[in-house]
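Asker: Data: work-v2.txt, compact mmCIF, C-alpha atoms.
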# COMPACT_ATOMS: atom_id res chain seq x y z
CA MET A 1 54.17 -65.57 26.60
CA THR A 2 51.32 -63.33 27.54
CA PRO A 3 48.02 -64.39 26.04
CA ILE A 4 46.39 -61.78 23.79
CA ALA A 5 42.78 -60.94 24.51
CA PRO A 6 40.45 -61.40 21.48
CA PRO A 7 39.39 -57.68 21.19
CA VAL A 8 43.05 -56.56 21.13
CA LEU A 9 43.78 -59.18 18.52
CA ILE A 10 40.88 -58.02 16.36
CA THR A 11 41.97 -54.34 16.64
CA GLY A 12 45.53 -55.29 15.75
CA LEU A 13 44.34 -57.22 12.73
CA ALA A 14 42.24 -54.30 11.62
CA PHE A 15 45.23 -51.95 11.77
CA HIS A 16 47.40 -54.32 9.84
CA ALA A 17 44.76 -55.12 7.30
CA GLU A 18 45.74 -54.32 3.71
CA PRO A 19 43.39 -52.24 1.53
CA PRO A 20 41.49 -54.29 -1.01
CA PRO A 21 43.63 -54.83 -4.11
CA ALA A 22 42.87 -52.32 -6.82
CA GLU A 23 42.02 -53.38 -10.30
CA VAL A 24 44.87 -53.15 -12.73
CA GLY A 25 45.01 -49.62 -14.15
CA ASP A 26 42.85 -48.19 -11.33
CA TYR A 27 45.78 -47.01 -9.31
CA VAL A 28 45.92 -43.25 -8.85
CA PRO A 29 48.73 -41.92 -6.72
CA ALA A 30 47.67 -39.46 -4.00
CA VAL A 31 49.09 -36.05 -4.78
CA GLY A 32 49.37 -33.48 -2.00
CA THR A 33 49.22 -29.73 -2.38
CA SER A 34 52.64 -28.18 -2.51
CA ARG A 35 53.59 -25.33 -0.21
CA GLU A 36 53.70 -22.89 -3.14
CA GLU A 37 50.20 -23.89 -4.22
CA LYS A 38 48.92 -23.44 -0.66
CA GLU A 39 50.46 -19.99 -0.48
CA ILE A 40 48.96 -18.97 -3.84
CA LEU A 41 45.54 -20.27 -2.72
CA ALA A 42 45.75 -18.37 0.59
CA THR A 43 46.72 -15.17 -1.25
CA LEU A 44 43.80 -15.55 -3.67
CA GLU A 45 41.39 -16.19 -0.79
CA ASP A 46 42.69 -13.13 1.04
CA LYS A 47 42.26 -11.05 -2.12
CA ALA A 48 38.70 -12.34 -2.62
CA ALA A 49 37.82 -11.64 1.02
CA ALA A 50 39.27 -8.12 0.79
CA LYS A 51 37.30 -7.50 -2.42
CA THR A 52 34.07 -8.76 -0.82
CA ALA A 53 34.61 -6.44 2.13
CA SER A 54 35.57 -3.33 0.17
CA ASP A 55 34.00 -3.55 -3.29
CA TYR A 56 31.17 -1.04 -3.47
CA GLN A 57 30.57 -1.48 -7.20
CA HIS A 58 27.38 -3.54 -6.83
CA ILE A 59 25.85 -1.33 -4.18
CA VAL A 60 26.59 1.87 -6.12
CA TRP A 61 24.93 0.39 -9.22
CA ALA A 62 21.90 -0.76 -7.21
CA TYR A 63 21.40 2.58 -5.46
CA GLY A 64 22.08 4.50 -8.67
CA ILE A 65 19.34 2.56 -10.46
CA LEU A 66 16.84 3.17 -7.65
CA TRP A 67 17.50 6.90 -7.52
CA ALA A 68 17.37 7.12 -11.32
CA LEU A 69 13.97 5.37 -11.31
CA PHE A 70 12.52 7.78 -8.77
CA ALA A 71 14.06 10.79 -10.51
CA ALA A 72 12.57 9.66 -13.84
CA TYR A 73 9.14 9.20 -12.27
CA GLY A 74 9.41 12.62 -10.58
CA LEU A 75 10.22 14.16 -13.97
CA PHE A 76 7.23 12.36 -15.52
CA LEU A 77 4.92 13.75 -12.81
CA TRP A 78 6.33 17.25 -13.22
CA ARG A 79 5.71 17.17 -16.99
CA ARG A 80 2.18 15.84 -16.45
CA SER A 81 1.50 18.68 -13.99
CA ALA A 82 2.73 21.24 -16.50
CA ARG A 83 0.45 19.75 -19.20
CA LEU A 84 -2.54 19.76 -16.86
CA ARG A 85 -1.89 23.38 -15.92
CA ALA A 86 -1.80 24.27 -19.62
CA ASP A 87 -5.11 22.39 -20.15
CA VAL A 88 -6.74 24.29 -17.27
CA ASP A 89 -5.59 27.60 -18.79
CA VAL A 90 -7.06 26.65 -22.18
CA LEU A 91 -10.35 25.72 -20.50
CA ARG A 92 -10.41 28.96 -18.52
CA ARG A 93 -9.88 31.05 -21.67
CA ALA A 94 -12.58 29.08 -23.48
CA LEU A 95 -15.01 29.73 -20.59
CA GLU A 96 -14.18 33.44 -20.60
CA ARG A 97 -14.83 33.63 -24.35
CA THR A 98 -18.14 31.83 -23.90
CA GLU A 99 -19.20 34.18 -21.09
CA ALA A 100 -18.11 37.26 -23.11
CA GLY A 101 -20.14 35.98 -26.06
CA GLY A 102 -23.41 35.92 -24.06
CA GLY A 103 -23.04 32.71 -22.11
CA PRO A 104 -23.94 29.18 -23.03
CA ARG A 105 -26.89 28.59 -25.28
CA GLY A 106 -27.62 25.07 -24.13
CA MET B 107 -4.33 30.13 1.57
CA LYS B 108 -3.69 26.49 0.83
CA ARG B 109 -6.10 23.82 1.98
CA LYS B 110 -4.87 21.43 4.65
CA SER B 111 -4.95 18.50 2.22
CA GLU B 112 -2.57 20.37 -0.11
CA LEU B 113 0.00 20.59 2.70
CA VAL B 114 0.14 16.83 3.18
CA VAL B 115 2.35 16.13 0.14
CA PRO B 116 5.01 18.78 0.94
CA LEU B 117 4.99 17.55 4.55
CA LEU B 118 5.65 13.99 3.38
CA PHE B 119 8.68 15.12 1.35
CA VAL B 120 9.96 17.38 4.15
CA ALA B 121 9.74 14.45 6.58
CA ALA B 122 11.42 12.11 4.08
CA ALA B 123 14.42 14.36 3.28
CA PRO B 124 16.36 13.96 6.57
CA LEU B 125 15.45 10.26 6.71
CA VAL B 126 16.89 9.68 3.22
CA VAL B 127 20.15 11.41 4.17
CA TYR B 128 20.30 9.58 7.52
CA SER B 129 19.62 6.14 6.06
CA VAL B 130 22.10 6.53 3.17
CA GLN B 131 24.94 7.66 5.44
CA ARG B 132 24.10 4.79 7.80
CA VAL B 133 24.22 2.27 4.96
CA PHE B 134 27.58 3.45 3.64
CA LEU B 135 29.36 4.61 6.79
CA HIS B 136 27.95 3.02 9.93
CA THR B 137 26.45 -0.36 9.08
CA PRO B 138 28.95 -3.22 9.32
CA ASN B 139 29.40 -5.60 6.43
CA GLU B 140 27.66 -8.94 6.63
CA ARG B 141 30.27 -11.67 7.32
CA THR B 142 29.97 -13.75 4.14
CA MET B 143 28.30 -11.37 1.64
CA GLY B 144 30.42 -8.32 2.47
CA THR B 145 29.37 -4.98 0.98
CA ALA B 146 26.86 -6.57 -1.40
CA PHE B 147 24.56 -7.26 1.54
CA LYS B 148 23.97 -3.50 1.86
CA ILE B 149 21.73 -3.72 -1.21
CA PHE B 150 19.30 -5.40 1.20
CA PHE B 151 18.47 -2.07 2.89
CA PHE B 152 16.67 -0.78 -0.19
CA HIS B 153 16.00 -4.01 -2.08
CA VAL B 154 13.64 -5.36 0.60
CA PRO B 155 11.74 -2.05 1.11
CA MET B 156 11.29 -1.82 -2.68
CA GLY B 157 9.81 -5.33 -2.65
CA TRP B 158 7.47 -4.41 0.20
CA LEU B 159 6.52 -1.19 -1.61
CA CYS B 160 5.66 -3.15 -4.75
CA MET B 161 3.48 -5.58 -2.80
CA LEU B 162 1.78 -2.83 -0.75
CA MET B 163 0.96 -0.79 -3.85
CA ALA B 164 -0.32 -3.89 -5.68
CA LEU B 165 -2.66 -4.51 -2.73
CA ILE B 166 -3.86 -0.88 -2.71
CA SER B 167 -4.35 -1.00 -6.48
CA GLY B 168 -6.30 -4.26 -6.28
CA ILE B 169 -8.60 -3.01 -3.49
CA ALA B 170 -9.17 0.33 -5.27
CA ALA B 171 -9.86 -1.51 -8.55
CA TYR B 172 -12.46 -3.65 -6.74
CA VAL B 173 -14.15 -0.49 -5.39
CA GLN B 174 -13.99 0.99 -8.89
CA LEU B 175 -15.75 -2.09 -10.31
CA ARG B 176 -18.42 -2.18 -7.58
CA ARG B 177 -19.23 1.53 -7.30
CA ARG B 178 -18.03 2.84 -10.68
CA SER B 179 -15.98 5.37 -8.74
CA ARG B 180 -13.65 7.54 -10.76
CA THR B 181 -11.63 8.41 -7.65
CA ALA B 182 -11.08 4.71 -6.93
CA GLY B 183 -9.93 4.28 -10.53
CA ALA B 184 -7.43 7.11 -10.11
CA VAL B 185 -6.15 5.63 -6.83
CA ALA B 186 -5.79 2.19 -8.46
CA LEU B 187 -3.82 3.62 -11.39
CA ALA B 188 -1.56 5.79 -9.21
CA ALA B 189 -0.84 2.85 -6.88
CA ALA B 190 -0.10 0.59 -9.85
CA GLU B 191 2.43 3.10 -11.23
CA ILE B 192 4.28 3.26 -7.90
CA GLY B 193 4.02 -0.54 -7.63
CA PHE B 194 5.52 -0.82 -11.13
CA LEU B 195 8.39 1.41 -10.00
CA GLY B 196 8.94 -0.67 -6.85
CA GLY B 197 8.78 -3.92 -8.82
CA LEU B 198 11.28 -2.64 -11.37
CA GLY B 199 13.55 -1.57 -8.51
CA VAL B 200 13.41 -4.94 -6.81
CA LEU B 201 13.84 -6.87 -10.07
CA LEU B 202 16.91 -4.81 -11.02
CA THR B 203 18.65 -4.68 -7.64
CA GLY B 204 17.97 -8.37 -6.91
CA PRO B 205 20.03 -9.69 -9.84
CA ILE B 206 22.85 -7.26 -8.98
CA TRP B 207 22.88 -8.68 -5.46
CA GLY B 208 22.49 -12.25 -6.77
CA HIS B 209 25.42 -11.79 -9.17
CA ALA B 210 27.61 -10.66 -6.27
CA THR B 211 26.62 -13.38 -3.80
CA TRP B 212 25.17 -16.37 -5.68
CA GLY B 213 27.40 -15.92 -8.72
CA THR B 214 24.35 -15.66 -10.99
CA PRO B 215 21.81 -12.87 -11.40
CA TRP B 216 18.80 -15.16 -11.73
CA THR B 217 18.23 -18.57 -10.14
CA GLY B 218 14.58 -18.77 -11.18
CA ASP B 219 13.47 -19.48 -7.63
CA ALA B 220 9.88 -19.14 -6.47
CA ARG B 221 10.15 -15.64 -5.02
CA GLN B 222 11.88 -14.25 -8.10
CA VAL B 223 9.34 -15.80 -10.44
CA THR B 224 6.27 -14.71 -8.43
CA THR B 225 7.67 -11.16 -8.11
CA ALA B 226 8.33 -11.04 -11.85
CA LEU B 227 4.80 -12.31 -12.45
CA LEU B 228 3.33 -9.54 -10.27
CA TRP B 229 5.40 -6.93 -12.09
CA LEU B 230 4.20 -8.22 -15.47
CA VAL B 231 0.58 -8.14 -14.26
CA ILE B 232 1.05 -4.52 -13.13
CA ALA B 233 2.67 -3.69 -16.49
CA ALA B 234 -0.29 -5.27 -18.33
CA TYR B 235 -2.72 -3.28 -16.13
CA LEU B 236 -0.89 -0.02 -16.90
CA LEU B 237 -0.85 -0.74 -20.63
CA LEU B 238 -4.59 -1.41 -20.59
CA ARG B 239 -5.35 1.72 -18.57
CA HIS B 240 -3.19 3.96 -20.75
CA PHE B 241 -3.90 2.55 -24.21
CA GLY B 242 -7.10 0.51 -23.86
CA GLN B 243 -10.54 1.71 -24.94
CA HIS B 244 -13.07 2.89 -22.35
CA ALA B 245 -14.59 -0.60 -21.96
CA SER B 246 -11.18 -2.12 -21.17
CA GLU B 247 -11.20 -0.46 -17.74
CA ARG B 248 -13.17 -3.41 -16.32
CA LEU B 249 -10.63 -5.88 -17.68
CA ALA B 250 -7.83 -3.71 -16.29
CA ALA B 251 -9.51 -3.69 -12.86
CA ALA B 252 -9.72 -7.48 -12.93
CA LEU B 253 -5.98 -7.61 -13.68
CA ALA B 254 -5.26 -5.34 -10.70
CA ILE B 255 -7.30 -7.65 -8.45
CA PHE B 256 -5.36 -10.64 -9.81
CA GLY B 257 -2.13 -8.80 -8.97
CA ALA B 258 -3.30 -8.23 -5.39
CA VAL B 259 -4.10 -11.94 -5.04
CA ASN B 260 -0.53 -12.70 -6.15
CA VAL B 261 0.92 -10.75 -3.20
CA PRO B 262 0.43 -13.44 -0.49
CA LEU B 263 1.91 -15.93 -2.96
CA ILE B 264 5.12 -13.87 -3.11
CA TYR B 265 5.25 -13.63 0.68
CA TYR B 266 4.79 -17.35 1.26
CA ALA B 267 6.82 -18.50 -1.77
CA VAL B 268 9.90 -18.99 0.40
CA LYS B 269 7.93 -21.32 2.68
CA LEU B 270 6.01 -23.21 0.02
CA TRP B 271 8.80 -23.98 -2.44
CA LYS B 272 12.57 -24.53 -2.52
CA THR B 273 14.24 -21.16 -2.80
CA THR B 274 17.58 -19.41 -2.65
CA HIS B 275 15.96 -16.48 -0.86
CA PRO B 276 16.09 -16.26 2.95
CA THR B 277 12.94 -17.10 4.91
CA THR B 278 10.27 -14.56 5.88
CA GLY B 279 11.70 -13.81 9.35
CA VAL B 280 15.02 -12.35 8.17
CA VAL B 281 14.21 -8.71 9.04
CA ALA B 282 13.19 -9.63 12.59
CA LYS B 283 16.52 -11.41 13.10
CA LEU B 284 18.70 -8.48 12.01
CA PRO B 285 21.32 -7.35 14.56
CA PRO B 286 20.60 -3.93 16.19
CA GLU B 287 23.04 -1.93 14.01
CA MET B 288 21.39 -3.25 10.82
CA TRP B 289 17.92 -2.89 12.31
CA ALA B 290 18.68 0.81 12.94
CA THR B 291 19.55 1.23 9.26
CA PHE B 292 16.68 -0.75 7.78
CA TRP B 293 13.67 1.01 9.37
CA PRO B 294 14.66 4.65 8.62
CA GLY B 295 15.34 3.59 5.02
CA LEU B 296 11.95 1.92 4.77
CA ALA B 297 10.25 4.97 6.32
CA ALA B 298 12.03 7.31 3.87
CA LEU B 299 11.03 5.20 0.88
CA LEU B 300 7.40 4.98 2.02
CA LEU B 301 7.14 8.74 2.69
CA VAL B 302 8.57 9.59 -0.76
CA SER B 303 6.40 6.96 -2.43
CA PHE B 304 3.18 8.09 -0.76
CA GLY B 305 4.04 11.70 -1.67
CA LEU B 306 4.43 10.71 -5.34
CA PHE B 307 1.32 8.53 -5.11
CA ALA B 308 -0.75 11.45 -3.75
CA ILE B 309 0.50 13.78 -6.50
CA ARG B 310 -0.30 11.23 -9.22
CA ALA B 311 -3.75 10.39 -7.82
CA ARG B 312 -4.62 14.09 -7.68
CA GLN B 313 -3.37 14.58 -11.27
CA LEU B 314 -5.56 11.73 -12.49
CA ILE B 315 -8.65 13.02 -10.66
CA LEU B 316 -8.02 16.52 -12.04
CA ALA B 317 -7.56 15.13 -15.58
CA GLY B 318 -10.93 13.37 -15.30
CA GLU B 319 -12.64 16.55 -14.07
CA LEU B 320 -11.03 18.52 -16.89
CA ASP B 321 -12.35 16.05 -19.48
CA GLU B 322 -15.84 16.42 -18.00
CA ALA B 323 -15.57 20.22 -18.02
CA TYR B 324 -14.55 20.19 -21.71
CA VAL B 325 -17.50 17.94 -22.58
CA ARG B 326 -19.93 20.24 -20.71
CA LEU B 327 -18.44 23.27 -22.46
CA GLU B 328 -18.84 21.66 -25.88
CA ASP B 329 -22.41 20.65 -24.98
CA SER B 330 -23.24 24.20 -23.92
CA ARG B 331 -21.90 25.55 -27.21
CA ALA B 332 -23.93 23.07 -29.28
Taking this structure as input, can you express it in the form of structure tokens?
Answerer:
Amino acid sequence: MTPIAPPVLITGLAFHAEPPPAEVGDYVPAVGTSREEKEILATLEDKAAAKTASDYQHIVWAYGILWALFAAYGLFLWRRSARLRADVDVLRRALERTEAGGGPRG
Amino acid sequence: MKRKSELVVPLLFVAAAPLVVYSVQRVFLHTPNERTMGTAFKIFFFHVPMGWLCMLMALISGIAAYVQLRRRSRTAGAVALAAAEIGFLGGLGVLLTGPIWGHATWGTPWTGDARQVTTALLWLVIAAYLLLRHFGQHASERLAAALAIFGAVNVPLIYYAVKLWKTTHPTTGVVAKLPPEMWATFWPGLAALLLVSFGLFAIRARQLILAGELDEAYVRLEDSRA
């Protein structure tokens, strides 16, 4: 009989070693994923990847908001300009009236 | 004949127009999707420039407000207010587009990370400054200027937030690491946004200066009639 070297013996023992006994009621059987489940998962992942690569909803919203903000501010500036122009006209007319009436007294 | 300074604003918009068209068609048609974030990553090309615009305008507003406090300059006050309005716009843009992007990629619009919170804080400071300038009494201008300076001090905090605290935002070097095809989309977009923003800023600053001069003219007229 061939003698067995100690390291080989130890390795062999390790492979044949039993897992520690589970407590009563702790046992949970390992359940694998069925082929159908794997196929459903792969389909869902493909769908999610396709959506991520082609869904422009977020970007359209983001750009729409930015352009709307700038458009609103542009409108605000335009209205302010119109009001200022009206104020300048009022001032000009008031100055003309003052000059026609003999100029300022102060 | 128009003065040279009056031609600057139209020139800014004329220069911005082709850049806006170019950058938008690059974003939608020629820039590849980022591998994990997909199309949502394209928000980056205007989200980041809006953030930079907000910070730049807050700095300009803070510096102008300091000059206004030191020299009692009405022009500096107008510049500070105009810059704050554009900064408010930029801040609103970044705070609205960020959650849209976050919802698409993180699964939540708001994670409450350091950069989000410091940006929101800056935007609130700018909002408070604008409220004080528009509705405060004459004496509140000094308080408003102090707020603008506080906002400017907050800007480096936003920049370094991603280094100082745990954050879901990428680090500060993300733009430098962009691949060439994204790099070529980012810079024209930033240039377009800055040209449009400085055009609007110039218009607003001029309006505010003119409004101040008009007020003075009315007071002089009333005095002369008295």
Asker: Which is closer to chain B than all the others in A:Ala86, A:Ala100, A:Ala68, A:Ile59, using all atoms listed in the file?
Answerer: A:Ile59
Asker: Neighbours of B:Ala188 within 6 Å (only C-alpha atoms; same-chain residues fewer than 5 positions away dropped), as a PDB file with C-alpha atoms, in the frame of the given file?
Answerer:
ATOM      1  CA  PHE B 307       1.320   8.530  -5.110  1.00  0.00           C
ATOM      2  CA  ARG B 310      -0.300  11.230  -9.220  1.00  0.00           C
ATOM      3  CA  ALA B 311      -3.750  10.390  -7.820  1.00  0.00           C
TER       4      ALA B 311
END
Asker: Taking all atoms listed in the file into account, which residues of chain A are within 12 Å of chain B, as a ChimeraX atom specification?
Answerer: /A:48-99,101-106
Asker: What are the centre and edge lengths in Å, to one decimal, of the axis-aligned box around all listed atoms of stretch 218-223 of chain B with 4 Å added on each side, as JSON?
Answerer:
{"center_x": 12.0, "center_y": -16.9, "center_z": -8.1, "size_x": 13.2, "size_y": 13.2, "size_z": 14.2}
Asker: Looking at B:Gly197, B:Gly279, B:Pro285, B:Gly218, which one is nearest to B:Leu230, with distances taken over only C-alpha atoms?
Answerer: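 That would be B:Gly197, the residue with the smallest distance to B:Leu230.
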Asker: Please list, as an mmCIF file with C-alpha atoms, in the frame of the given file, the residues that have an atom at most 8 Å away from (4.5, -16.8, -4.9) in the coordinates of this file, counting all atoms listed in the file.
Answerer:
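The file below, result14.cif, is the result:
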data_model
loop_
_atom_site.group_PDB
_atom_site.id
_atom_site.type_symbol
_atom_site.label_atom_id
_atom_site.label_comp_id
_atom_site.auth_asym_id
_atom_site.auth_seq_id
_atom_site.Cartn_x
_atom_site.Cartn_y
_atom_site.Cartn_z
ATOM 1 C CA ALA B 220 9.880 -19.140 -6.470
ATOM 2 C CA ARG B 221 10.150 -15.640 -5.020
ATOM 3 C CA VAL B 223 9.340 -15.800 -10.440
ATOM 4 C CA THR B 224 6.270 -14.710 -8.430
ATOM 5 C CA THR B 225 7.670 -11.160 -8.110
ATOM 6 C CA ASN B 260 -0.530 -12.700 -6.150
ATOM 7 C CA VAL B 261 0.920 -10.750 -3.200
ATOM 8 C CA PRO B 262 0.430 -13.440 -0.490
ATOM 9 C CA LEU B 263 1.910 -15.930 -2.960
ATOM 10 C CA ILE B 264 5.120 -13.870 -3.110
ATOM 11 C CA TYR B 265 5.250 -13.630 0.680
ATOM 12 C CA TYR B 266 4.790 -17.350 1.260
ATOM 13 C CA ALA B 267 6.820 -18.500 -1.770
ATOM 14 C CA VAL B 268 9.900 -18.990 0.400
#
Asker: Quote the spacing between atom CA of B:Met288 and atom CA of B:Thr137 in Å to one decimal place.
Answerer: 6.1 Å
Asker: Could you list, as JSON, numbers by chain, every residue within 8 Å of stretch 231-233 of chain B, counting only C-alpha atoms and ignoring same-chain residues fewer than 3 positions away?
Answerer: {"B": [164, 190, 191, 193, 194, 227, 228, 236, 237, 253, 254, 256, 257]}
Asker: Which value, in Å to one decimal, gives the distance between atom CA of B:Glu247 and atom CA of B:Tyr235?
Answerer: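 Rounded to one decimal, the two atoms are 9.1 Å apart.
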Asker: Grab the atom CA of B:Pro215 to atom CA of B:Thr273 distance for me, in Å with one decimal place.
Answerer: 14.1 Å
